[in-house]
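K.L.:
Got final-v8.txt for you, compact mmCIF, C-alpha atoms:
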# COMPACT_ATOMS: atom_id res chain seq x y z
CA MET A 134 -13.82 3.92 -29.36
CA LYS A 135 -16.49 1.48 -28.44
CA GLU A 136 -13.91 -1.26 -28.31
CA LEU A 137 -11.70 0.82 -26.07
CA VAL A 138 -14.41 1.41 -23.50
CA GLU A 139 -15.52 -2.19 -23.73
CA PHE A 140 -11.98 -3.41 -23.11
CA ILE A 141 -11.55 -1.19 -20.05
CA VAL A 142 -14.98 -1.79 -18.55
CA ARG A 143 -14.95 -5.54 -19.07
CA SER A 144 -11.73 -5.89 -17.14
CA LEU A 145 -13.07 -3.76 -14.31
CA VAL A 146 -16.40 -5.42 -13.63
CA ASP A 147 -17.31 -8.79 -12.14
CA ASN A 148 -20.35 -9.45 -14.28
CA GLN A 149 -18.97 -9.10 -17.81
CA ASP A 150 -22.13 -10.32 -19.51
CA ALA A 151 -24.11 -7.39 -18.17
CA VAL A 152 -21.88 -4.84 -19.92
CA SER A 153 -23.72 -3.18 -22.76
CA LEU A 154 -22.60 -0.26 -24.87
CA LYS A 155 -24.71 1.70 -27.31
CA GLU A 156 -23.31 4.32 -29.62
CA VAL A 157 -25.60 7.20 -30.43
CA GLU A 158 -24.32 9.34 -33.28
CA GLY A 159 -24.82 13.03 -32.77
CA GLU A 160 -24.14 16.10 -34.88
CA LYS A 161 -20.83 17.06 -33.36
CA ALA A 162 -20.06 14.22 -31.04
CA SER A 163 -21.30 10.72 -30.60
CA ILE A 164 -22.45 9.47 -27.25
CA LEU A 165 -21.52 6.12 -25.78
CA GLU A 166 -24.14 4.86 -23.40
CA LEU A 167 -22.78 2.36 -20.95
CA ARG A 168 -24.85 0.04 -18.83
CA VAL A 169 -23.41 -2.37 -16.30
CA ASP A 170 -24.78 -4.58 -13.58
CA GLN A 171 -26.06 -2.57 -10.63
CA SER A 172 -23.44 -4.13 -8.35
CA ASP A 173 -20.62 -3.14 -10.73
CA LEU A 174 -21.63 0.49 -10.99
CA GLY A 175 -19.24 1.48 -8.23
CA LYS A 176 -16.33 -0.18 -9.98
CA VAL A 177 -16.93 1.75 -13.17
CA ILE A 178 -17.40 5.08 -11.44
CA GLY A 179 -14.83 4.72 -8.68
CA LYS A 180 -14.16 6.69 -5.56
CA GLN A 181 -15.08 10.32 -6.19
CA GLY A 182 -15.70 9.37 -9.80
CA ARG A 183 -12.03 8.82 -10.39
CA THR A 184 -12.38 5.74 -12.58
CA ALA A 185 -15.07 7.32 -14.73
CA LYS A 186 -12.94 10.44 -15.05
CA SER A 187 -9.92 8.42 -16.09
CA ILE A 188 -11.90 6.54 -18.74
CA ARG A 189 -13.18 9.85 -20.09
CA THR A 190 -9.68 11.31 -20.18
CA ILE A 191 -8.40 8.35 -22.18
CA LEU A 192 -11.42 8.62 -24.44
CA ASN A 193 -10.68 12.29 -25.02
CA ALA A 194 -7.07 11.65 -25.99
CA SER A 195 -8.22 8.89 -28.27
CA GLY A 196 -10.73 11.30 -29.77
CA VAL A 197 -8.04 13.89 -30.44
CA LYS A 198 -5.91 11.24 -32.14
CA SER A 199 -8.68 10.01 -34.42
CA GLY A 200 -10.44 13.36 -34.79
CA LYS A 201 -13.72 12.02 -33.46
CA LYS A 202 -15.37 13.30 -30.35
CA VAL A 203 -17.01 10.78 -28.09
CA VAL A 204 -18.78 11.38 -24.81
CA LEU A 205 -19.22 8.60 -22.29
CA GLU A 206 -22.41 8.38 -20.34
CA ILE A 207 -22.87 5.86 -17.59
CA LEU A 208 -26.52 4.92 -17.18
CA GLU A 209 -28.14 3.35 -14.19
CA MET B 202 10.28 -14.79 -6.71
CA LYS B 203 7.30 -16.03 -4.80
CA TYR B 204 6.83 -19.49 -3.44
CA PHE B 205 3.62 -21.43 -3.00
CA GLU B 206 2.90 -24.86 -1.69
CA VAL B 207 -0.08 -26.58 -3.30
CA GLU B 208 -1.80 -29.91 -3.10
CA GLY B 209 -3.68 -32.02 -5.60
CA ARG B 210 -4.59 -35.58 -6.46
CA THR B 211 -1.62 -35.74 -8.80
CA VAL B 212 1.36 -33.47 -9.35
CA ASP B 213 0.00 -32.21 -12.66
CA GLN B 214 -3.35 -31.46 -11.18
CA ALA B 215 -1.85 -29.51 -8.31
CA VAL B 216 0.20 -27.37 -10.70
CA ASN B 217 -2.55 -26.88 -13.24
CA ASN B 218 -5.05 -25.88 -10.59
CA PHE B 219 -2.66 -23.28 -9.28
CA LEU B 220 -2.06 -21.85 -12.76
CA ALA B 221 -5.75 -21.76 -13.59
CA GLU B 222 -6.77 -20.20 -10.29
CA ASN B 223 -4.24 -17.40 -10.55
CA ASP B 224 -4.41 -17.03 -14.32
CA ILE B 225 -0.68 -17.49 -14.78
CA PRO B 226 0.87 -18.91 -17.97
CA LYS B 227 3.07 -21.95 -17.50
CA ASP B 228 6.30 -20.20 -18.54
CA PHE B 229 6.47 -18.22 -15.32
CA VAL B 230 6.58 -21.07 -12.86
CA GLU B 231 8.97 -23.82 -11.93
CA TYR B 232 8.04 -26.53 -9.51
CA GLU B 233 9.49 -29.07 -7.24
CA VAL B 234 7.63 -32.20 -6.15
CA MET B 235 7.60 -32.65 -2.39
CA THR B 236 5.48 -35.78 -2.17
CA SER B 237 4.18 -37.33 -5.33
CA GLY B 238 1.03 -38.79 -3.79
CA SER B 239 -0.46 -42.21 -4.33
CA LYS B 240 -3.79 -43.38 -5.61
CA GLY B 241 -4.27 -46.01 -2.92
CA PHE B 242 -6.55 -48.92 -3.54
CA LEU B 243 -10.01 -47.99 -4.79
CA GLY B 244 -9.49 -44.58 -3.32
CA ILE B 245 -8.67 -45.95 0.10
CA GLY B 246 -5.41 -44.78 1.54
CA SER B 247 -4.87 -42.24 -1.24
CA LYS B 248 -2.44 -39.47 -0.56
CA ASN B 249 -2.40 -36.03 -2.13
CA ALA B 250 0.61 -34.85 -4.07
CA GLN B 251 2.38 -31.83 -2.61
CA VAL B 252 4.21 -29.44 -4.89
CA LYS B 253 6.33 -26.41 -4.19
CA ILE B 254 5.85 -23.79 -6.89
CA LYS B 255 8.31 -21.05 -7.68
CA PHE B 256 6.51 -18.16 -9.34
CA ASN B 257 8.55 -15.57 -11.17
CA GLU B 258 6.25 -12.70 -10.35
CA ILE B 259 8.40 -9.87 -11.70
CA GLU B 260 8.66 -11.35 -15.20
CA PHE B 261 4.97 -12.17 -15.13
CA LEU B 262 4.03 -8.61 -14.17
CA LYS B 263 6.35 -7.17 -16.79
CA ARG B 264 4.67 -9.22 -19.49
CA LYS B 265 1.18 -8.49 -18.18
CA GLY B 266 1.83 -4.76 -17.94
CA ARG B 267 3.20 -4.61 -21.46
CA LEU B 268 0.17 -6.45 -22.81
CA LEU B 269 -2.33 -4.30 -20.95
CA ILE B 270 -0.86 -0.97 -21.97
CA SER B 271 -0.33 -2.10 -25.58
CA GLU B 272 -3.91 -3.19 -25.90
CA LEU B 273 -5.16 0.00 -24.31
CA LEU B 274 -3.12 2.17 -26.67
CA GLU B 275 -4.08 0.18 -29.75
CA LYS B 276 -7.76 0.30 -28.90
CA ALA B 277 -7.43 4.03 -28.33
CA GLY B 278 -6.15 4.40 -31.89
CA PHE B 279 -2.44 4.80 -31.22
CA GLU B 280 -0.30 2.67 -33.48
CA ASP B 281 3.17 4.10 -33.49
CA PHE B 282 4.65 3.30 -30.10
CA SER B 283 7.06 1.04 -28.28
CA ILE B 284 7.12 0.11 -24.64
CA GLU B 285 10.12 -0.15 -22.41
CA VAL B 286 9.51 -2.17 -19.25
CA LYS B 287 11.66 -1.53 -16.21
CA ASN B 288 11.60 -3.02 -12.79
CA ARG B 289 11.81 -0.45 -10.03
CA ASN B 290 11.27 -2.55 -6.96
CA PRO B 291 8.52 -3.28 -6.12
CA ASP B 292 6.90 -1.39 -8.99
CA ILE B 293 6.92 -2.05 -12.71
CA VAL B 294 7.58 0.97 -14.89
CA LEU B 295 5.97 0.96 -18.34
CA ASN B 296 7.68 3.64 -20.35
CA ILE B 297 5.94 4.48 -23.62
CA ILE B 298 7.99 5.86 -26.47
CA SER B 299 5.87 7.42 -29.17
CA PRO B 300 5.67 10.43 -31.47
CA ASP B 301 2.31 11.08 -29.80
CA SER B 302 4.05 11.69 -26.47
CA LYS B 303 2.48 15.10 -25.99
CA LEU B 304 -1.02 13.70 -26.29
CA LEU B 305 -0.18 10.69 -24.14
CA ILE B 306 1.08 12.87 -21.30
CA GLY B 307 -1.79 15.32 -21.51
CA LYS B 308 -2.40 18.49 -19.59
CA ASN B 309 -0.79 18.26 -16.15
CA ALA B 310 0.03 14.61 -16.95
CA GLN B 311 -3.70 13.88 -16.79
CA MET B 312 -3.65 11.28 -19.56
CA LEU B 313 -0.62 9.63 -18.01
CA ASP B 314 -2.26 9.44 -14.60
CA SER B 315 -5.51 8.17 -16.12
CA MET B 316 -3.79 5.37 -18.02
CA GLN B 317 -1.85 4.41 -14.93
CA PHE B 318 -4.93 4.44 -12.75
CA ILE B 319 -6.96 2.37 -15.19
CA ILE B 320 -4.41 -0.34 -15.81
CA ASN B 321 -3.78 -0.68 -12.08
CA ARG B 322 -7.52 -1.08 -11.66
CA MET B 323 -7.71 -3.68 -14.40
CA MET B 324 -5.05 -5.74 -12.72
CA ASP B 325 -5.90 -7.77 -9.68
CA TRP B 326 -3.23 -6.73 -7.20
CA GLU B 327 -4.48 -8.85 -4.37
CA GLY B 328 -1.60 -10.03 -2.21
CA SER B 329 0.96 -7.97 -4.05
CA ASP B 330 2.66 -4.75 -3.03
CA SER B 331 3.64 -3.90 -6.59
CA SER B 332 1.90 -1.55 -8.96
CA PHE B 333 2.34 -0.28 -12.49
CA ILE B 334 3.84 3.09 -13.18
CA VAL B 335 3.02 4.43 -16.62
CA ASP B 336 5.45 6.93 -18.08
CA VAL B 337 6.01 8.52 -21.45
CA GLU B 338 9.62 9.06 -22.46
CA ASP B 339 10.69 9.31 -18.80
CA TYR B 340 8.49 12.36 -18.30
CA ARG B 341 7.65 11.46 -14.71
CA GLU B 342 11.27 10.96 -13.82
CA ARG B 343 12.19 14.36 -15.18
CA VAL B 344 9.32 16.10 -13.41
CA VAL B 345 10.07 14.40 -10.11
CA GLU B 346 13.72 15.44 -10.35
CA THR B 347 12.86 19.11 -10.87
CA LEU B 348 10.25 19.00 -8.11
CA LYS B 349 12.77 17.46 -5.74
CA GLU B 350 15.26 20.21 -6.49
CA LYS B 351 12.56 22.81 -5.92
CA ALA B 352 11.52 21.15 -2.66
CA VAL B 353 15.06 21.15 -1.30
CA LYS B 354 15.38 24.85 -2.11
CA LEU B 355 12.08 25.58 -0.37
CA ALA B 356 13.12 23.50 2.61
CA LYS B 357 16.23 25.62 3.02
CA THR B 358 14.11 28.75 2.89
CA VAL B 359 11.84 27.30 5.58
CA ARG B 360 14.82 26.54 7.78
CA ARG B 361 16.18 30.04 7.30
CA THR B 362 12.94 31.96 7.88
CA GLY B 363 11.18 29.59 10.26
CA LYS B 364 7.95 29.94 8.32
CA PRO B 365 6.15 26.92 6.85
CA ILE B 366 5.75 26.69 3.06
CA LYS B 367 3.07 24.79 1.15
CA MET B 368 3.84 23.07 -2.14
CA SER B 369 1.24 22.64 -4.88
CA PRO B 370 -0.95 19.49 -4.86
CA MET B 371 0.73 16.33 -6.07
CA VAL B 372 -0.10 12.66 -6.52
CA THR B 373 0.96 9.99 -4.06
CA LEU B 374 4.01 8.70 -5.85
CA VAL B 375 5.51 12.13 -6.37
CA ARG B 376 4.81 13.10 -2.77
CA LYS B 377 6.56 10.00 -1.56
CA GLU B 378 9.69 10.90 -3.54
CA ILE B 379 9.65 14.42 -2.17
CA HIS B 380 9.19 13.31 1.43
CA MET B 381 12.16 11.01 0.93
CA ALA B 382 14.30 13.74 -0.61
CA LEU B 383 13.47 16.17 2.20
CA LYS B 384 14.50 13.69 4.86
CA GLN B 385 18.06 14.54 3.86
CA VAL B 386 17.51 18.18 4.79
CA GLN B 387 17.89 18.81 8.51
CA GLY B 388 15.94 21.26 10.60
CA ILE B 389 12.61 20.76 8.83
CA SER B 390 9.83 18.21 8.75
CA THR B 391 7.21 17.44 6.11
CA VAL B 392 3.50 16.64 6.27
CA SER B 393 0.96 15.86 3.55
CA LYS B 394 -2.25 17.79 3.82
CA GLY B 395 -5.54 17.61 1.97
CA ASP B 396 -8.19 15.19 0.76
CA GLY B 397 -8.32 12.68 -2.06
CA HIS B 398 -5.39 11.53 -4.11
CA LEU B 399 -4.02 15.01 -4.62
CA LYS B 400 -2.47 16.35 -1.46
CA GLU B 401 -0.24 19.27 -0.64
CA ILE B 402 3.11 18.91 1.05
CA LEU B 403 3.68 21.23 3.94
CA ILE B 404 7.28 21.93 4.86
CA LEU B 405 7.51 22.88 8.54
CA PRO B 406 10.42 24.25 10.52
CA GLU B 407 11.44 21.84 13.24
CA ARG B 408 10.38 22.90 16.71
CA LYS B 409 13.36 21.42 18.52
CA ALA B 410 15.71 23.71 16.69
CA GLY B 411 13.54 26.54 17.99
CA GLY B 412 16.49 28.81 18.59
CA ARG B 413 17.12 28.98 14.91
CA SER B 414 13.58 29.63 13.88
CA ARG B 415 12.92 32.29 16.47
CA ARG B 416 15.99 34.36 15.97
CA PRO B 417 14.72 36.01 12.81
CA ASP B 418 11.73 37.19 14.85
CA ASN B 419 13.77 40.08 16.19
CA ARG B 420 14.31 41.43 12.71
CA GLY B 421 10.93 41.36 11.02
CA GLY B 422 7.72 43.15 11.89
CA ARG B 423 5.52 40.06 11.94
CA PRO B 424 6.74 38.39 15.10
CA GLN B 425 5.38 41.29 17.12
CA ARG B 426 1.95 40.47 15.82
CA SER B 427 2.26 36.85 16.72
CA ARG B 428 3.79 37.49 20.13
CA ARG B 429 1.22 39.85 21.52
CA PRO B 430 -1.86 37.71 20.92
CA GLU B 431 0.01 34.74 22.28
CA ASN B 432 0.78 36.53 25.54
CA LYS B 433 -2.73 37.84 25.84
CA GLN B 434 -4.23 34.45 25.28
CA GLU B 435 -2.02 32.91 27.86
CA THR B 436 -2.93 35.42 30.54
CA LYS B 437 -6.59 35.31 29.65
CA THR B 438 -6.91 31.59 29.82
CA GLU B 439 -4.73 31.09 32.81
CA GLN B 440 -6.53 33.42 35.14
CA PRO B 441 -9.99 31.90 34.96
CA ASP B 442 -8.44 28.49 35.27
CA ASN B 443 -6.77 29.45 38.50
CA LYS B 444 -9.96 30.93 39.87
CA ASP B 445 -11.90 27.80 39.05
CA GLY B 446 -9.28 25.73 40.69
CA ALA B 447 -9.31 27.88 43.82
CA GLU B 448 -13.06 27.84 44.20
Give the structure from this file in structure tokens form.
P.N.:
Amino acid sequence: MKELVEFIVRSLVDNQDAVSLKEVEGEKASILELRVDQSDLGKVIGKQGRTAKSIRTILNASGVKSGKKVVLEILE
Amino acid sequence: MKYFEVEGRTVDQAVNNFLAENDIPKDFVEYEVMTSGSKGFLGIGSKNAQVKIKFNEIEFLKRKGRLLISELLEKAGFEDFSIEVKNRNPDIVLNIISPDSKLLIGKNAQMLDSMQFIINRMMDWEGSDSSFIVDVEDYRERVVETLKEKAVKLAKTVRRTGKPIKMSPMVTLVRKEIHMALKQVQGISTVSKGDGHLKEILILPERKAGGRSRRPDNRGGRPQRSRRPENKQETKTEQPDNKDGAE
């Protein structure tokens, strides 16, 4: 899961070194905390949040396939 | 095929610079030397080499698309799949065949649209009018066909009754197909309405063929409603206008 998000996000942003992902295991679902460079925030979120929504949709399908629930949080 | 003319100190340098700048593997280009350049003497009188590069963009995009979608699927935990790449000018169709098709299409093709959106974002499309279309077992094609059939039926109803009909919200590519299909139907016109990437198609009766669209008015009860206010409005607005003009 972490790899999936990393793969997507890294190809979207300009400053790849500033991409950091932290997985926080929860009871039911684990949370992926994503941080990117301030200037790349728009690229990850997208117009009307469309990019973020798409990443979450893919993450959901991946979660159904593997039976693990992961929530993506984009932090400023 | 796309052609580029590049310059460099030597032929090799010119070509390699081009490949590196655009991130293109060597297999997708052929080149032709226009002037091979000369070193000159101690750098004086040196001439740059000029090379004409033929870039096989379609094959390059096909390969790139296949790689991107494969990697995405693998990282998402899908293993059992194959990808069929088709060229539908100017777009590249990536058709996934997998026993997980249901999951890969998702509710209202949400997963399909998300994958398509993401890989188009990942790709730098600058200077290209192509894009990737992601499909699962020709699902999109089938849906578009049924929607087209439905649209033509609705268009005929609009022509018959003279009343506009709204279709449910659809994404750009589907709308485009429907607009195209409805161009074949005479006596109606189509407009997209709404905000964002999901818009509704509005099928309107054509005004010029007004005779046709007004005739049914004599039968139904509704036209009476629409006629009276129209007449009233006209008389109301015209009178003050005339007065103003006279004064």
K.L.:
Taking into account all atoms listed in the file, which residue in the set B:Leu403, B:Met368, B:Ala382, B:Leu313 is nearest to chain A?
P.N.:
B:Leu313
K.L.:
Quick one: distance from atom CA of B:His380 to atom CA of B:Ile306 in Å, one decimal?
P.N.:
24.1 Å
K.L.:
Nearest to A:Glu156: which of A:Val138, A:Asp170, A:Ser199, A:Arg143 is it, counting all atoms listed in the file?
P.N.:
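The closest residue to A:Glu156 is A:Val138.
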K.L.:
With 7 Å as the cut-off and all atoms listed in the file counted, what is the closest atom pair between each nearby residue of chain A and chain B? Distances in Å to one decimal, ordered by chain and number, as CSV.
P.N.:
residue,atom,partner,partner_atom,distance
A:Met134,CA,B:Ala277,CA,6.5
A:Glu136,CA,B:Lys276,CA,6.4
A:Leu137,CA,B:Lys276,CA,4.9
A:Ser144,CA,B:Met323,CA,5.3
A:Leu145,CA,B:Met323,CA,5.4
A:Thr184,CA,B:Ile319,CA,6.9
A:Ser187,CA,B:Ser315,CA,4.4
A:Thr190,CA,B:Met312,CA,6.1
A:Ile191,CA,B:Met312,CA,6.2
A:Ala194,CA,B:Leu304,CA,6.4
A:Ser195,CA,B:Ala277,CA,4.9
A:Lys198,CA,B:Gly278,CA,6.8
A:Ser199,CA,B:Gly278,CA,6.7
K.L.:
Any idea what's packed within 10 Å of stretch 200-205 of chain A, counting only C-alpha atoms, ignoring anything in its chain fewer than 2 positions away? Could you give it as a tab-separated table (two decimals) with C-alpha atoms, in the coordinates of the input?
P.N.:
chain	number	residue	atom	x	y	z
A	134	MET	CA	-13.82	3.92	-29.36
A	135	LYS	CA	-16.49	1.48	-28.44
A	138	VAL	CA	-14.41	1.41	-23.50
A	154	LEU	CA	-22.60	-0.26	-24.87
A	156	GLU	CA	-23.31	4.32	-29.62
A	157	VAL	CA	-25.60	7.20	-30.43
A	158	GLU	CA	-24.32	9.34	-33.28
A	159	GLY	CA	-24.82	13.03	-32.77
A	161	LYS	CA	-20.83	17.06	-33.36
A	162	ALA	CA	-20.06	14.22	-31.04
A	163	SER	CA	-21.30	10.72	-30.60
A	164	ILE	CA	-22.45	9.47	-27.25
A	165	LEU	CA	-21.52	6.12	-25.78
A	166	GLU	CA	-24.14	4.86	-23.40
A	167	LEU	CA	-22.78	2.36	-20.95
A	185	ALA	CA	-15.07	7.32	-14.73
A	186	LYS	CA	-12.94	10.44	-15.05
A	188	ILE	CA	-11.90	6.54	-18.74
A	189	ARG	CA	-13.18	9.85	-20.09
A	192	LEU	CA	-11.42	8.62	-24.44
A	193	ASN	CA	-10.68	12.29	-25.02
A	194	ALA	CA	-7.07	11.65	-25.99
A	195	SER	CA	-8.22	8.89	-28.27
A	196	GLY	CA	-10.73	11.30	-29.77
A	197	VAL	CA	-8.04	13.89	-30.44
A	198	LYS	CA	-5.91	11.24	-32.14
A	207	ILE	CA	-22.87	5.86	-17.59
A	208	LEU	CA	-26.52	4.92	-17.18
K.L.:
Of the residues A:Glu206, A:Val142, A:Gln181, A:Leu174, which is the one nearest to A:Lys155, using only C-alpha atoms?
P.N.:
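Among A:Glu206, A:Val142, A:Gln181, A:Leu174, it is A:Glu206 that comes nearest to A:Lys155.
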K.L.:
If you measure from atom CA of B:Ser302 to atom CA of B:Ser283, what distance in Å do you get, rounded to one decimal?
P.N.:
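Separation between atom CA of B:Ser302 and atom CA of B:Ser283: 11.2 Å.
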K.L.:
Work out how far apart atom CA of B:Asn290 and atom CA of B:Phe229 are and give it in Å to one decimal.
P.N.:
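Separation of atom CA of B:Asn290 and atom CA of B:Phe229: 18.4 Å.
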K.L.:
Can you tell me, as a list in words, what residues are no more than 9 Å from B:Asp339 when counting only C-alpha atoms, ignoring any on the same chain fewer than 6 positions away?
P.N.:
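Neighbouring residues, sequence-local ones excluded: Asn296, Ile297 and Ile298 of chain B.
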K.L.:
Go ahead and save the picked residues with C-alpha atoms, as a PDB file, keeping the file's coordinate frame.
P.N.:
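Written output follows (out_3.pdb):
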ATOM      1  CA  ASN B 296       7.680   3.640 -20.350  1.00  0.00           C
ATOM      2  CA  ILE B 297       5.940   4.480 -23.620  1.00  0.00           C
ATOM      3  CA  ILE B 298       7.990   5.860 -26.470  1.00  0.00           C
TER       4      ILE B 298
END
K.L.:
Using all atoms listed in the file, which protein or nucleic acid residues come within 10 Å of B:Asn257? Drop anything in the same chain fewer than 5 positions from it, and give the result as a ChimeraX atom specification.
P.N.:
/B:202-204,228-231,262
K.L.:
Now that the selection is made, can you save its residues with C-alpha atoms as an mmCIF file, keeping the file's coordinate frame?
P.N.:
data_model
loop_
_atom_site.group_PDB
_atom_site.id
_atom_site.type_symbol
_atom_site.label_atom_id
_atom_site.label_comp_id
_atom_site.auth_asym_id
_atom_site.auth_seq_id
_atom_site.Cartn_x
_atom_site.Cartn_y
_atom_site.Cartn_z
ATOM 1 C CA MET B 202 10.280 -14.790 -6.710
ATOM 2 C CA LYS B 203 7.300 -16.030 -4.800
ATOM 3 C CA TYR B 204 6.830 -19.490 -3.440
ATOM 4 C CA ASP B 228 6.300 -20.200 -18.540
ATOM 5 C CA PHE B 229 6.470 -18.220 -15.320
ATOM 6 C CA VAL B 230 6.580 -21.070 -12.860
ATOM 7 C CA GLU B 231 8.970 -23.820 -11.930
ATOM 8 C CA LEU B 262 4.030 -8.610 -14.170
#
K.L.:
Looking at B:Asn217, B:Val335, B:Val212, B:Ile259, which one is nearest to B:Ser271, with distances taken over only C-alpha atoms?
P.N.:
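Once distances to B:Ser271 are computed over only C-alpha atoms, the minimum belongs to B:Val335.
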K.L.:
Please provide as a PyMOL selection string all residues within 6 Å of B:Leu399, with the sequence filter that same-chain residues fewer than 2 positions apart are discarded (counting only C-alpha atoms).
P.N.:
chain B and resi 370-372+397
K.L.:
Starting from the incomplete input, reconstruct N, CA, C and O atoms of stretch 290-305 of chain B and write that as an mmCIF file, in the coordinates of the input.
P.N.:
data_model
loop_
_atom_site.group_PDB
_atom_site.id
_atom_site.type_symbol
_atom_site.label_atom_id
_atom_site.label_comp_id
_atom_site.auth_asym_id
_atom_site.auth_seq_id
_atom_site.Cartn_x
_atom_site.Cartn_y
_atom_site.Cartn_z
ATOM 1 N N ASN B 290 11.842 -1.835 -8.095
ATOM 2 C CA ASN B 290 11.270 -2.550 -6.960
ATOM 3 C C ASN B 290 10.438 -1.698 -6.020
ATOM 4 O O ASN B 290 10.892 -0.653 -5.622
ATOM 5 N N PRO B 291 9.245 -2.094 -5.644
ATOM 6 C CA PRO B 291 8.520 -3.280 -6.120
ATOM 7 C C PRO B 291 7.639 -2.965 -7.341
ATOM 8 O O PRO B 291 6.811 -3.789 -7.702
ATOM 9 N N ASP B 292 7.806 -1.793 -7.908
ATOM 10 C CA ASP B 292 6.900 -1.390 -8.990
ATOM 11 C C ASP B 292 7.456 -1.728 -10.368
ATOM 12 O O ASP B 292 8.653 -1.910 -10.539
ATOM 13 N N ILE B 293 6.552 -1.782 -11.328
ATOM 14 C CA ILE B 293 6.920 -2.050 -12.710
ATOM 15 C C ILE B 293 6.666 -0.769 -13.502
ATOM 16 O O ILE B 293 5.558 -0.245 -13.507
ATOM 17 N N VAL B 294 7.714 -0.258 -14.118
ATOM 18 C CA VAL B 294 7.580 0.970 -14.890
ATOM 19 C C VAL B 294 7.356 0.617 -16.355
ATOM 20 O O VAL B 294 8.114 -0.153 -16.930
ATOM 21 N N LEU B 295 6.271 1.169 -16.929
ATOM 22 C CA LEU B 295 5.970 0.960 -18.340
ATOM 23 C C LEU B 295 6.201 2.294 -19.045
ATOM 24 O O LEU B 295 5.398 3.216 -18.911
ATOM 25 N N ASN B 296 7.320 2.379 -19.717
ATOM 26 C CA ASN B 296 7.680 3.640 -20.350
ATOM 27 C C ASN B 296 7.326 3.593 -21.835
ATOM 28 O O ASN B 296 7.853 2.782 -22.586
ATOM 29 N N ILE B 297 6.399 4.481 -22.231
ATOM 30 C CA ILE B 297 5.940 4.480 -23.620
ATOM 31 C C ILE B 297 6.790 5.444 -24.435
ATOM 32 O O ILE B 297 7.026 6.573 -24.003
ATOM 33 N N ILE B 298 7.246 4.985 -25.573
ATOM 34 C CA ILE B 298 7.990 5.860 -26.470
ATOM 35 C C ILE B 298 7.172 5.985 -27.736
ATOM 36 O O ILE B 298 6.856 4.981 -28.384
ATOM 37 N N SER B 299 6.779 7.229 -28.047
ATOM 38 C CA SER B 299 5.870 7.420 -29.170
ATOM 39 C C SER B 299 5.939 8.855 -29.671
ATOM 40 O O SER B 299 6.159 9.783 -28.890
ATOM 41 N N PRO B 300 5.737 9.053 -30.968
ATOM 42 C CA PRO B 300 5.670 10.430 -31.470
ATOM 43 C C PRO B 300 4.450 11.180 -30.933
ATOM 44 O O PRO B 300 4.391 12.406 -31.007
ATOM 45 N N ASP B 301 3.504 10.441 -30.376
ATOM 46 C CA ASP B 301 2.310 11.080 -29.800
ATOM 47 C C ASP B 301 2.520 11.432 -28.326
ATOM 48 O O ASP B 301 1.540 11.615 -27.594
ATOM 49 N N SER B 302 3.766 11.535 -27.906
ATOM 50 C CA SER B 302 4.050 11.690 -26.470
ATOM 51 C C SER B 302 3.270 12.835 -25.826
ATOM 52 O O SER B 302 2.791 12.703 -24.709
ATOM 53 N N LYS B 303 3.145 13.935 -26.559
ATOM 54 C CA LYS B 303 2.480 15.100 -25.990
ATOM 55 C C LYS B 303 1.030 14.765 -25.606
ATOM 56 O O LYS B 303 0.561 15.092 -24.524
ATOM 57 N N LEU B 304 0.378 14.085 -26.512
ATOM 58 C CA LEU B 304 -1.020 13.700 -26.290
ATOM 59 C C LEU B 304 -1.122 12.651 -25.179
ATOM 60 O O LEU B 304 -2.064 12.646 -24.391
ATOM 61 N N LEU B 305 -0.145 11.774 -25.120
ATOM 62 C CA LEU B 305 -0.180 10.690 -24.140
ATOM 63 C C LEU B 305 0.135 11.184 -22.727
ATOM 64 O O LEU B 305 -0.226 10.548 -21.748
#
